[in-house]
$ cat final01.txt   # compact mmCIF, C-alpha atoms
# COMPACT_ATOMS: atom_id res chain seq x y z
CA MET A 1 28.40 18.01 110.21
CA ASP A 2 31.34 20.29 111.04
CA SER A 3 33.91 17.97 112.61
CA ARG A 4 34.85 20.59 115.18
CA GLY A 5 31.37 21.19 116.56
CA ILE A 6 28.88 19.31 118.65
CA GLY A 7 25.32 19.31 117.42
CA ILE A 8 22.42 20.80 119.36
CA CYS A 9 19.89 18.28 118.10
CA GLY A 10 17.02 18.67 120.58
CA ILE A 11 15.64 21.56 122.64
CA GLY A 12 13.09 21.71 125.45
CA THR A 13 12.01 24.68 127.55
CA VAL A 14 9.91 25.67 130.52
CA THR A 15 9.83 29.44 131.01
CA GLY A 16 7.65 32.28 132.17
CA TYR A 17 5.88 31.98 128.83
CA GLY A 18 4.72 28.48 129.70
CA TRP A 19 5.59 24.81 129.50
CA GLY A 20 7.08 23.95 126.12
CA ARG A 21 9.38 25.07 123.34
CA GLU A 22 6.74 26.44 120.99
CA VAL A 23 4.98 28.64 123.55
CA PHE A 24 8.42 30.00 124.45
CA TRP A 25 9.22 30.81 120.82
CA ASP A 26 5.78 32.28 120.15
CA GLY A 27 6.08 34.57 123.16
CA LEU A 28 9.47 35.84 122.07
CA THR A 29 8.27 36.31 118.50
CA GLU A 30 5.37 38.46 119.65
CA GLY A 31 7.87 40.73 121.40
CA LYS A 32 5.92 40.57 124.65
CA HIS A 33 7.68 39.98 127.95
CA ALA A 34 6.94 36.85 129.97
CA ALA A 35 6.56 38.65 133.30
CA THR A 36 3.30 38.99 135.17
CA LEU A 37 2.43 40.96 138.27
CA GLU A 38 2.86 38.60 141.20
CA GLY A 39 1.68 39.27 144.75
CA GLY A 40 3.50 38.52 148.00
CA TYR A 41 6.73 40.36 147.20
CA GLY A 42 8.53 43.20 148.97
CA LEU A 43 9.92 43.39 152.51
CA ASN A 44 6.57 42.63 154.13
CA HIS A 45 5.29 40.35 151.37
CA ASP A 46 2.48 42.81 150.65
CA GLU A 47 3.65 44.22 147.31
CA THR A 48 3.31 43.18 143.68
CA ALA A 49 6.31 42.58 141.44
CA TRP A 50 6.90 41.97 137.74
CA VAL A 51 8.38 38.45 137.64
CA ALA A 52 8.70 36.02 134.70
CA LYS A 53 7.83 33.08 136.94
CA VAL A 54 7.27 29.49 135.86
CA ALA A 55 3.64 28.61 136.55
CA ASP A 56 2.61 25.42 138.27
CA GLY A 57 2.42 22.54 135.82
CA GLY A 58 4.14 19.43 134.61
CA ASP A 59 3.64 15.85 135.70
CA PRO A 60 3.19 15.34 139.47
CA ALA A 61 4.98 12.01 139.06
CA ASP A 62 8.14 13.95 138.19
CA GLY A 63 8.47 15.35 141.70
CA ALA A 64 6.90 17.40 144.43
CA SER A 65 8.27 20.73 143.24
CA ARG A 66 8.08 22.98 140.22
CA PHE A 67 11.87 22.63 140.03
CA ALA A 68 11.91 18.84 139.58
CA ARG A 69 8.90 18.83 137.26
CA ALA A 70 10.31 21.62 135.08
CA MET A 71 13.75 20.01 134.88
CA ARG A 72 12.36 16.68 133.74
CA ALA A 73 9.75 18.20 131.43
CA ALA A 74 12.36 20.26 129.59
CA ALA A 75 14.70 17.28 129.28
CA ARG A 76 11.91 15.00 128.09
CA GLU A 77 10.85 17.52 125.46
CA ALA A 78 14.44 17.86 124.23
CA ILE A 79 14.84 14.09 123.96
CA THR A 80 11.56 13.72 122.04
CA ASP A 81 12.53 16.62 119.78
CA ALA A 82 15.95 15.12 119.07
CA GLY A 83 14.36 11.77 118.24
CA ASP A 84 11.99 13.46 115.82
CA ARG A 85 15.03 15.02 114.13
CA GLY A 86 16.77 11.67 113.66
CA TRP A 87 18.88 11.33 116.82
CA ARG A 88 19.29 7.92 118.40
CA PRO A 89 21.06 7.64 121.76
CA GLY A 90 24.43 5.95 121.90
CA LYS A 91 25.58 3.51 124.56
CA ARG A 92 26.83 6.17 126.99
CA VAL A 93 24.46 9.09 127.45
CA GLY A 94 25.59 11.54 130.12
CA LEU A 95 23.60 14.13 132.05
CA LEU A 96 24.81 17.59 132.98
CA HIS A 97 22.59 19.76 135.15
CA ALA A 98 23.44 23.46 135.49
CA VAL A 99 22.03 24.71 138.76
CA VAL A 100 22.86 27.44 141.27
CA LEU A 101 19.94 27.40 143.73
CA GLY A 102 18.14 24.08 143.56
CA GLU A 103 14.75 23.18 145.04
CA VAL A 104 14.24 26.65 146.51
CA ASP A 105 10.52 26.09 147.04
CA LEU A 106 11.05 22.85 148.98
CA TRP A 107 13.87 24.23 151.11
CA ARG A 108 11.75 27.30 151.83
CA GLU A 109 8.94 25.01 153.01
CA PHE A 110 11.41 22.84 154.94
CA TYR A 111 12.61 25.75 157.07
CA LEU A 112 9.64 28.13 157.21
CA THR A 113 6.61 25.85 157.18
CA ARG A 114 7.47 22.27 158.07
CA ASN A 115 9.99 23.00 160.86
CA ALA A 116 12.33 20.40 159.31
CA ASP A 117 9.71 17.70 159.93
CA LEU A 118 9.81 15.58 156.78
CA LYS A 119 9.45 11.93 155.96
CA PRO A 120 12.66 10.37 154.59
CA ARG A 121 11.20 10.24 151.07
CA GLU A 122 10.28 13.93 151.26
CA TYR A 123 13.74 14.81 152.53
CA LEU A 124 15.37 12.95 149.63
CA ALA A 125 13.47 15.23 147.23
CA LEU A 126 15.66 18.09 148.53
CA MET A 127 18.88 16.41 147.45
CA PRO A 128 20.42 17.63 144.16
CA SER A 129 21.04 14.03 143.12
CA THR A 130 17.36 13.06 143.24
CA PRO A 131 15.97 14.67 140.06
CA MET A 132 19.09 13.53 138.21
CA SER A 133 18.72 9.97 139.49
CA THR A 134 15.04 9.72 138.59
CA PHE A 135 15.75 11.17 135.14
CA MET A 136 18.51 8.63 134.44
CA GLN A 137 16.23 5.81 135.63
CA GLU A 138 13.40 6.95 133.36
CA HIS A 139 15.55 6.83 130.24
CA GLY A 140 17.95 4.03 131.13
CA PHE A 141 21.00 6.26 130.64
CA HIS A 142 24.28 5.11 132.17
CA GLY A 143 26.81 7.82 131.36
CA PRO A 144 28.17 10.21 133.99
CA ALA A 145 25.70 12.55 135.70
CA MET A 146 26.74 15.66 137.56
CA ASN A 147 25.87 19.27 138.38
CA VAL A 148 27.64 22.34 136.97
CA SER A 149 27.53 25.71 138.71
CA ALA A 150 29.04 29.03 137.68
CA MET A 151 26.34 31.54 138.70
CA CYS A 152 24.76 33.27 135.67
CA ALA A 153 27.38 31.65 133.43
CA SER A 154 26.26 28.12 134.36
CA GLY A 155 24.57 27.51 131.01
CA ASN A 156 27.71 28.32 129.08
CA ALA A 157 29.75 26.28 131.55
CA GLY A 158 27.49 23.27 131.00
CA MET A 159 27.72 23.55 127.22
CA LEU A 160 31.51 23.71 127.33
CA THR A 161 31.67 20.79 129.77
CA ALA A 162 29.44 18.73 127.48
CA LYS A 163 31.71 19.49 124.54
CA ALA A 164 34.75 18.45 126.58
CA TRP A 165 33.06 15.13 127.46
CA LEU A 166 32.18 14.46 123.83
CA ASP A 167 35.59 15.53 122.49
CA ALA A 168 37.32 13.26 125.01
CA GLY A 169 35.13 10.28 124.14
CA ILE A 170 33.81 9.98 127.69
CA VAL A 171 30.24 9.86 126.37
CA ASP A 172 28.42 9.32 123.09
CA ASP A 173 25.74 11.94 123.81
CA VAL A 174 24.86 14.44 126.51
CA VAL A 175 21.55 15.65 127.84
CA PHE A 176 22.27 19.08 129.25
CA VAL A 177 19.67 20.80 131.43
CA ALA A 178 19.84 24.19 133.15
CA THR A 179 17.22 24.82 135.83
CA ASP A 180 16.59 27.88 137.96
CA LEU A 181 13.25 28.43 139.69
CA SER A 182 14.49 30.69 142.46
CA ALA A 183 12.46 33.91 142.02
CA THR A 184 10.99 33.73 145.52
CA PRO A 185 10.11 36.96 147.34
CA GLU A 186 13.21 36.63 149.53
CA ASN A 187 15.65 36.17 146.64
CA VAL A 188 14.10 38.88 144.49
CA LEU A 189 14.14 41.32 147.43
CA HIS A 190 17.88 40.93 147.87
CA PHE A 191 18.68 41.32 144.18
CA THR A 192 16.56 44.47 144.26
CA ARG A 193 18.53 45.71 147.27
CA LEU A 194 21.75 45.06 145.35
CA GLY A 195 20.48 47.55 142.79
CA VAL A 196 20.35 45.15 139.84
CA ALA A 197 16.82 43.67 139.77
CA VAL A 198 13.91 45.95 138.87
CA VAL A 199 10.43 44.61 139.55
CA ASP A 200 8.34 47.75 140.03
CA THR A 201 8.08 48.67 136.34
CA ASP A 202 7.11 46.98 133.10
CA PRO A 203 10.23 44.95 132.10
CA LEU A 204 10.49 46.42 128.60
CA ASP A 205 10.72 49.86 130.16
CA ALA A 206 13.01 49.00 133.08
CA CYS A 207 15.41 46.65 131.25
CA ARG A 208 16.95 48.33 128.23
CA PRO A 209 20.27 46.60 127.48
CA PHE A 210 22.66 48.86 125.57
CA GLN A 211 20.11 51.70 125.64
CA GLU A 212 19.72 54.90 127.61
CA GLY A 213 17.73 54.75 130.83
CA SER A 214 18.18 51.07 131.65
CA ARG A 215 17.76 50.33 135.37
CA GLY A 216 18.58 46.61 135.55
CA PHE A 217 16.83 43.32 134.88
CA PRO A 218 13.49 41.64 135.62
CA ALA A 219 13.57 38.41 137.61
CA GLY A 220 12.91 35.25 135.62
CA GLU A 221 12.76 31.48 135.96
CA ALA A 222 13.41 28.68 133.47
CA ALA A 223 14.41 25.12 132.78
CA VAL A 224 16.08 24.59 129.41
CA ALA A 225 17.38 21.33 127.98
CA PHE A 226 19.52 20.33 125.01
CA VAL A 227 20.44 16.99 123.50
CA LEU A 228 24.06 17.28 122.36
CA SER A 229 25.78 14.82 120.07
CA ASN A 230 28.58 14.28 117.58
CA HIS A 231 26.25 12.26 115.35
CA ALA A 232 23.27 14.60 114.97
CA GLU A 233 21.52 14.32 111.62
CA ARG A 234 19.63 17.63 111.70
CA PRO A 235 21.09 19.84 114.41
CA TYR A 236 19.66 23.25 115.18
CA ALA A 237 23.17 24.63 115.56
CA LEU A 238 26.74 23.60 116.29
CA ALA A 239 28.74 24.53 119.38
CA LEU A 240 32.23 25.06 117.99
CA GLY A 241 34.01 25.86 121.23
CA GLY A 242 34.47 28.57 123.81
CA ALA A 243 36.28 29.64 126.93
CA MET A 244 35.85 30.64 130.55
CA SER A 245 37.86 32.83 132.90
CA HIS A 246 37.53 34.52 136.26
CA ASP A 247 38.11 38.16 137.16
CA ALA A 248 39.34 37.41 140.71
CA HIS A 249 38.30 40.98 141.45
CA HIS A 250 35.02 41.37 143.38
CA VAL A 251 31.97 39.37 144.51
CA THR A 252 29.57 41.39 142.34
CA SER A 253 31.45 43.92 140.22
CA VAL A 254 33.14 43.35 136.87
CA ASP A 255 36.83 44.28 136.87
CA PRO A 256 36.76 47.69 135.12
CA GLY A 257 40.00 46.88 133.29
CA LEU A 258 38.17 44.05 131.47
CA GLU A 259 41.41 42.10 131.05
CA GLN A 260 39.88 38.72 131.85
CA VAL A 261 36.71 39.41 129.88
CA ARG A 262 38.83 40.38 126.88
CA GLY A 263 40.97 37.27 127.26
CA CYS A 264 37.88 35.08 127.46
CA PHE A 265 36.57 36.40 124.13
CA ARG A 266 40.00 35.95 122.55
CA ASP A 267 40.41 32.41 123.90
CA ALA A 268 36.91 31.40 122.83
CA LEU A 269 37.55 32.37 119.22
CA ALA A 270 40.89 30.55 119.29
CA ASN A 271 39.34 27.45 120.85
CA ALA A 272 36.61 27.41 118.22
CA GLY A 273 39.19 27.95 115.48
CA VAL A 274 37.38 30.88 113.90
CA PRO A 275 38.29 34.50 113.11
CA ALA A 276 36.38 37.36 114.70
CA SER A 277 35.38 38.45 111.19
CA ALA A 278 33.16 35.33 110.90
CA VAL A 279 30.97 36.41 113.83
CA ARG A 280 27.65 37.87 112.73
CA TYR A 281 25.88 38.15 116.10
CA LEU A 282 26.76 38.85 119.72
CA ASN A 283 24.05 37.24 121.86
CA ALA A 284 24.93 39.18 124.97
CA HIS A 285 24.53 38.57 128.67
CA GLY A 286 22.87 41.98 128.47
CA PRO A 287 21.18 42.35 131.88
CA GLY A 288 20.72 46.08 131.42
CA THR A 289 23.17 47.02 134.18
CA ALA A 290 25.70 49.74 133.44
CA GLN A 291 28.81 47.66 134.12
CA CYS A 292 27.79 44.63 132.05
CA ASP A 293 26.53 46.72 129.14
CA ARG A 294 29.77 48.69 129.14
CA ALA A 295 31.90 45.53 129.19
CA GLU A 296 30.10 43.74 126.37
CA ALA A 297 29.80 46.85 124.21
CA ALA A 298 33.57 47.28 124.57
CA MET A 299 34.14 43.67 123.44
CA LEU A 300 31.82 44.17 120.46
CA GLU A 301 33.79 47.21 119.37
CA GLU A 302 37.22 45.69 120.01
CA PHE A 303 36.71 42.28 118.40
CA PHE A 304 33.95 42.51 115.85
CA GLY A 305 33.01 44.60 112.85
CA PRO A 306 30.21 47.13 112.34
CA ASP A 307 28.00 44.47 110.74
CA THR A 308 27.91 42.30 113.89
CA GLY A 309 24.42 42.52 115.37
CA LEU A 310 23.97 42.85 119.13
CA TYR A 311 21.00 41.61 121.16
CA SER A 312 19.84 40.46 124.59
CA VAL A 313 16.52 38.74 125.31
CA LYS A 314 16.48 39.47 129.06
CA PRO A 315 13.84 42.21 128.68
CA LEU A 316 11.51 39.49 127.34
CA VAL A 317 12.28 36.28 129.23
CA GLY A 318 13.80 37.86 132.34
CA HIS A 319 17.12 37.12 133.99
CA CYS A 320 16.82 33.40 134.67
CA GLN A 321 19.95 33.31 136.84
CA GLY A 322 21.60 29.87 136.63
CA ALA A 323 19.57 29.04 133.51
CA ALA A 324 20.09 32.43 131.82
CA SER A 325 22.77 31.61 129.27
CA ALA A 326 21.07 28.32 128.40
CA VAL A 327 17.82 30.18 127.64
CA GLU A 328 19.77 32.56 125.45
CA MET A 329 21.61 29.77 123.61
CA ALA A 330 18.23 28.21 122.91
CA VAL A 331 17.14 31.49 121.29
CA ALA A 332 20.23 31.51 119.05
CA ALA A 333 19.83 27.84 118.05
CA LEU A 334 16.11 28.14 117.36
CA GLY A 335 16.80 31.36 115.46
CA TYR A 336 19.03 29.51 113.00
CA ASP A 337 16.26 26.95 112.52
CA ARG A 338 13.35 29.40 112.24
CA GLY A 339 15.20 32.00 110.19
CA TYR A 340 14.94 35.00 112.48
CA ILE A 341 16.06 36.38 115.83
CA PRO A 342 13.23 37.50 118.16
CA ALA A 343 15.12 40.47 119.60
CA PRO A 344 13.28 42.84 121.94
CA PRO A 345 12.08 46.14 120.46
CA ILE A 346 14.33 49.14 120.98
CA VAL A 347 12.65 51.62 123.34
CA ALA A 348 15.33 54.31 123.75
CA PRO A 349 18.48 55.65 122.04
CA GLY A 350 21.17 52.98 122.17
CA HIS A 351 24.05 51.18 120.53
CA PRO A 352 23.96 51.49 116.73
CA GLN A 353 24.44 47.72 116.25
CA LEU A 354 21.55 46.75 118.51
CA LEU A 355 18.91 44.62 116.77
CA ASN A 356 15.38 46.03 116.85
CA GLY A 357 12.67 43.40 117.09
CA ARG A 358 12.29 40.39 114.83
CA THR A 359 15.33 40.26 112.55
CA PRO A 360 16.06 37.79 109.69
CA VAL A 361 19.10 35.62 110.41
CA GLN A 362 22.07 36.09 108.10
CA ASP A 363 24.98 33.71 107.54
CA GLY A 364 27.63 33.77 110.21
CA LEU A 365 28.50 32.72 113.71
CA THR A 366 26.95 33.71 117.02
CA VAL A 367 29.04 34.48 120.08
CA LYS A 368 27.10 33.88 123.28
CA SER A 369 28.68 35.73 126.19
CA SER A 370 27.75 35.54 129.84
CA LEU A 371 29.28 37.48 132.72
CA GLY A 372 28.27 35.67 135.86
CA MET A 373 28.07 37.20 139.30
CA GLY A 374 31.35 37.01 141.18
CA GLY A 375 33.60 37.23 138.13
CA HIS A 376 32.60 34.22 136.01
CA ASN A 377 33.32 35.13 132.37
CA SER A 378 32.20 32.76 129.63
CA VAL A 379 31.87 32.74 125.85
CA VAL A 380 30.46 30.02 123.58
CA VAL A 381 30.76 30.13 119.78
CA LEU A 382 27.74 28.79 117.89
CA ALA A 383 27.40 28.13 114.17
CA PRO A 384 24.45 27.35 111.90
CA PRO A 385 24.26 23.69 110.86
CA ALA A 386 26.51 22.81 107.94

$ encode --input "final01.txt" --output "structure tokens"
Amino acid sequence: MDSRGIGICGIGTVTGYGWGREVFWDGLTEGKHAATLEGGYGLNHDETAWVAKVADGGDPADGASRFARAMRAAAREAITDAGDRGWRPGKRVGLLHAVVLGEVDLWREFYLTRNADLKPREYLALMPSTPMSTFMQEHGFHGPAMNVSAMCASGNAGMLTAKAWLDAGIVDDVVFVATDLSATPENVLHFTRLGVAVVDTDPLDACRPFQEGSRGFPAGEAAVAFVLSNHAERPYALALGGAMSHDAHHVTSVDPGLEQVRGCFRDALANAGVPASAVRYLNAHGPGTAQCDRAEAAMLEEFFGPDTGLYSVKPLVGHCQGAASAVEMAVAALGYDRGYIPAPPIVAPGHPQLLNGRTPVQDGLTVKSSLGMGGHNSVVVLAPPA
């Protein structure tokens, strides 16, 4: 294995496509979006909305909420997958959980239905430490366990934190999970009011990253897990390095000068120790908003050559908020393993380097960028297994 990279040696997912990695991959491969028309949305909760929502499922023993069950199901699948690929846990296995809005369903019930009247055990289910604690108990892991939060960039932030832990020798392995099941009517309404979420139109029509006529993104939910290790036998991909920065400009808008975004791309390549010429794909944040598309297209043109392919899977899986970049890293890693990238179909005139549907993977690195709300810039550099 490349001595500079950490191995992604197990993957588990729960998404709008369903519970499990293979149903996720099959849905992407078919080029069909995960969203369904859900009732109870809008100002008066009397409208339908296109939302890639995680359906009820999982093991009731994992918790009272979809959030807890999805988090533990994704992590369990990743651990089983890693074991099947030859991974054996070391003495110190740490847990990182990327989360922005946790246990939204339970908190919603706490305030709106139960009038804060809960038994102590029920109240403990609301605490962010509880799903982490029960997960560590289940597997007998004793490394550090903590949450990571950087808005839409939380997945990238978790991956870079895991690499820092492994590089520093703090842990032998890391289970990294990103969970966001926050597409409630209230949250979706406010993202719609902000002018970025679009739920009144088929997602493949409304969300057209790097194409003409894009209106924004569909709402999505997901829990995605990785087993990360320096001693992976058959990793899906390697995380070589990356960088993060902050615009310090505005609570929602990207700094139009793009200085910090540009610096983040430059620092990520330097941290990974690779030239821009080695990058074959830009797996973009790509929410279909004008400012983000402009920023990432500018980075593509400034840093990378005309053969670097560009894609975003948000039209298919939705914008999964705190889990978004983790979902998208899973696509890149599985793409190296399966031999193709399940990019969305192009539906309008757009950037000439935009991938159109299922595309065979070629040799080269993938840069995964994520521009989180509030100015969180992040870039992770991924490589195919050596």

$ closest_residue --input "final01.txt" --among "A:Glu212, A:Ser312, A:Ile79, A:Leu43" --to "Thr192 of chain A" --atoms "only C-alpha atoms"
A:Leu43

$ residues_around --input "final01.txt" --residues "segment 314-320 of chain A" --least-positions-apart "2" --cutoff "10 Å" --atoms "all atoms listed in the file" --output "PyMOL selection string"
chain A and resi 15-17+24+27-35+50-53+152+178-183+197+202-209+216-223+284-288+311-312+322-328+342-345

$ atom_distance --input "final01.txt" --atom1 "atom CA of Val261 of chain A" --atom2 "atom CA of Ala243 of chain A"
10.2 Å

$ closest_residue --input "final01.txt" --among "A:Ala49, A:Ala157, A:Met373, A:Ala268" --to "Leu37 of chain A" --atoms "only C-alpha atoms"
A:Ala49

$ atom_distance --input "final01.txt" --atom1 "atom CA of Asp173 of chain A" --atom2 "atom CA of Val93 of chain A"
4.8 Å

$ atom_distance --input "final01.txt" --atom1 "atom CA of His97 of chain A" --atom2 "atom CA of Met146 of chain A"
6.3 Å

$ residues_near_point --input "final01.txt" --point "(13.4, 35.5, 109.6)" --cutoff "10 Å" --atoms "only C-alpha atoms" --output "MDAnalysis selection string"
chainID A and resid 335:342 358:362

$ closest_residue --input "final01.txt" --among "A:Met71, A:Val279, A:Val198, A:Met132" --to "Gly309 of chain A" --atoms "all atoms listed in the file"
A:Val279

$ closest_residue --input "final01.txt" --among "A:Leu282, A:Val174, A:Cys264, A:Ala125" --to "Ser245 of chain A" --atoms "all atoms listed in the file"
A:Cys264

$ residues_near_point --input "final01.txt" --point "(19.8, 17.0, 128.3)" --cutoff "10 Å" --atoms "all atoms listed in the file" --output "list in words"
Gly10, Ile11, Gly12, Met71, Arg72, Ala74, Ala75, Arg76, Glu77, Ala78, Ile79, Val93, Gly94, Leu95, Leu96, His97, Phe135, Ala162, Asp173, Val174, Val175, Phe176, Val177, Ala178, Val224, Ala225, Phe226, Val227 and Leu228 of chain A

$ closest_residue --input "final01.txt" --among "A:Thr161, A:Ser370, A:Asn283, A:Ser65" --to "Leu126 of chain A" --atoms "only C-alpha atoms"
A:Ser65

$ closest_residue --input "final01.txt" --among "A:Tyr123, A:Gly20, A:Ala70, A:Val104" --to "Asp56 of chain A" --atoms "only C-alpha atoms"
A:Ala70

$ build_atoms --input "final01.txt" --residues "segment 251-270 of chain A" --atoms "N, CA, C and O atoms" --output "PDB file, in the frame of the given file"
ATOM      1  N   VAL A 251      33.065  40.342 144.432  1.00  0.00           N
ATOM      2  CA  VAL A 251      31.970  39.370 144.510  1.00  0.00           C
ATOM      3  C   VAL A 251      30.780  39.732 143.626  1.00  0.00           C
ATOM      4  O   VAL A 251      29.939  38.883 143.326  1.00  0.00           O
ATOM      5  N   THR A 252      30.671  41.001 143.234  1.00  0.00           N
ATOM      6  CA  THR A 252      29.570  41.390 142.340  1.00  0.00           C
ATOM      7  C   THR A 252      30.029  42.200 141.132  1.00  0.00           C
ATOM      8  O   THR A 252      29.410  42.120 140.070  1.00  0.00           O
ATOM      9  N   SER A 253      31.077  42.974 141.268  1.00  0.00           N
ATOM     10  CA  SER A 253      31.450  43.920 140.220  1.00  0.00           C
ATOM     11  C   SER A 253      32.409  43.319 139.197  1.00  0.00           C
ATOM     12  O   SER A 253      33.292  42.529 139.535  1.00  0.00           O
ATOM     13  N   VAL A 254      32.220  43.717 137.943  1.00  0.00           N
ATOM     14  CA  VAL A 254      33.140  43.350 136.870  1.00  0.00           C
ATOM     15  C   VAL A 254      34.410  44.175 137.017  1.00  0.00           C
ATOM     16  O   VAL A 254      34.356  45.385 137.297  1.00  0.00           O
ATOM     17  N   ASP A 255      35.562  43.558 136.838  1.00  0.00           N
ATOM     18  CA  ASP A 255      36.830  44.280 136.870  1.00  0.00           C
ATOM     19  C   ASP A 255      36.802  45.351 135.772  1.00  0.00           C
ATOM     20  O   ASP A 255      36.665  45.028 134.583  1.00  0.00           O
ATOM     21  N   PRO A 256      36.890  46.622 136.132  1.00  0.00           N
ATOM     22  CA  PRO A 256      36.760  47.690 135.120  1.00  0.00           C
ATOM     23  C   PRO A 256      37.837  47.653 134.040  1.00  0.00           C
ATOM     24  O   PRO A 256      37.641  48.203 132.961  1.00  0.00           O
ATOM     25  N   GLY A 257      38.973  47.004 134.312  1.00  0.00           N
ATOM     26  CA  GLY A 257      40.000  46.880 133.290  1.00  0.00           C
ATOM     27  C   GLY A 257      39.647  45.916 132.175  1.00  0.00           C
ATOM     28  O   GLY A 257      40.248  45.965 131.092  1.00  0.00           O
ATOM     29  N   LEU A 258      38.709  45.013 132.453  1.00  0.00           N
ATOM     30  CA  LEU A 258      38.170  44.050 131.470  1.00  0.00           C
ATOM     31  C   LEU A 258      39.221  43.093 130.903  1.00  0.00           C
ATOM     32  O   LEU A 258      38.996  42.459 129.874  1.00  0.00           O
ATOM     33  N   GLU A 259      40.347  42.950 131.590  1.00  0.00           N
ATOM     34  CA  GLU A 259      41.410  42.100 131.050  1.00  0.00           C
ATOM     35  C   GLU A 259      40.960  40.654 130.896  1.00  0.00           C
ATOM     36  O   GLU A 259      41.214  40.018 129.862  1.00  0.00           O
ATOM     37  N   GLN A 260      40.291  40.122 131.914  1.00  0.00           N
ATOM     38  CA  GLN A 260      39.880  38.720 131.850  1.00  0.00           C
ATOM     39  C   GLN A 260      38.693  38.518 130.900  1.00  0.00           C
ATOM     40  O   GLN A 260      38.587  37.479 130.241  1.00  0.00           O
ATOM     41  N   VAL A 261      37.804  39.481 130.843  1.00  0.00           N
ATOM     42  CA  VAL A 261      36.710  39.410 129.880  1.00  0.00           C
ATOM     43  C   VAL A 261      37.275  39.396 128.461  1.00  0.00           C
ATOM     44  O   VAL A 261      36.896  38.585 127.611  1.00  0.00           O
ATOM     45  N   ARG A 262      38.191  40.292 128.203  1.00  0.00           N
ATOM     46  CA  ARG A 262      38.830  40.380 126.880  1.00  0.00           C
ATOM     47  C   ARG A 262      39.545  39.080 126.540  1.00  0.00           C
ATOM     48  O   ARG A 262      39.421  38.550 125.423  1.00  0.00           O
ATOM     49  N   GLY A 263      40.277  38.530 127.504  1.00  0.00           N
ATOM     50  CA  GLY A 263      40.970  37.270 127.260  1.00  0.00           C
ATOM     51  C   GLY A 263      40.024  36.119 127.003  1.00  0.00           C
ATOM     52  O   GLY A 263      40.314  35.218 126.209  1.00  0.00           O
ATOM     53  N   CYS A 264      38.865  36.141 127.652  1.00  0.00           N
ATOM     54  CA  CYS A 264      37.880  35.080 127.460  1.00  0.00           C
ATOM     55  C   CYS A 264      37.340  35.104 126.033  1.00  0.00           C
ATOM     56  O   CYS A 264      37.195  34.057 125.386  1.00  0.00           O
ATOM     57  N   PHE A 265      37.026  36.284 125.524  1.00  0.00           N
ATOM     58  CA  PHE A 265      36.570  36.400 124.130  1.00  0.00           C
ATOM     59  C   PHE A 265      37.665  35.911 123.180  1.00  0.00           C
ATOM     60  O   PHE A 265      37.393  35.158 122.234  1.00  0.00           O
ATOM     61  N   ARG A 266      38.896  36.337 123.424  1.00  0.00           N
ATOM     62  CA  ARG A 266      40.000  35.950 122.550  1.00  0.00           C
ATOM     63  C   ARG A 266      40.217  34.437 122.572  1.00  0.00           C
ATOM     64  O   ARG A 266      40.355  33.794 121.525  1.00  0.00           O
ATOM     65  N   ASP A 267      40.191  33.856 123.771  1.00  0.00           N
ATOM     66  CA  ASP A 267      40.410  32.410 123.900  1.00  0.00           C
ATOM     67  C   ASP A 267      39.271  31.607 123.292  1.00  0.00           C
ATOM     68  O   ASP A 267      39.499  30.520 122.740  1.00  0.00           O
ATOM     69  N   ALA A 268      38.055  32.114 123.396  1.00  0.00           N
ATOM     70  CA  ALA A 268      36.910  31.400 122.830  1.00  0.00           C
ATOM     71  C   ALA A 268      37.021  31.299 121.317  1.00  0.00           C
ATOM     72  O   ALA A 268      36.768  30.238 120.723  1.00  0.00           O
ATOM     73  N   LEU A 269      37.388  32.389 120.677  1.00  0.00           N
ATOM     74  CA  LEU A 269      37.550  32.370 119.220  1.00  0.00           C
ATOM     75  C   LEU A 269      38.677  31.429 118.821  1.00  0.00           C
ATOM     76  O   LEU A 269      38.556  30.665 117.847  1.00  0.00           O
ATOM     77  N   ALA A 270      39.762  31.448 119.582  1.00  0.00           N
ATOM     78  CA  ALA A 270      40.890  30.550 119.290  1.00  0.00           C
ATOM     79  C   ALA A 270      40.495  29.102 119.495  1.00  0.00           C
ATOM     80  O   ALA A 270      40.836  28.226 118.686  1.00  0.00           O
TER      81      ALA A 270
END
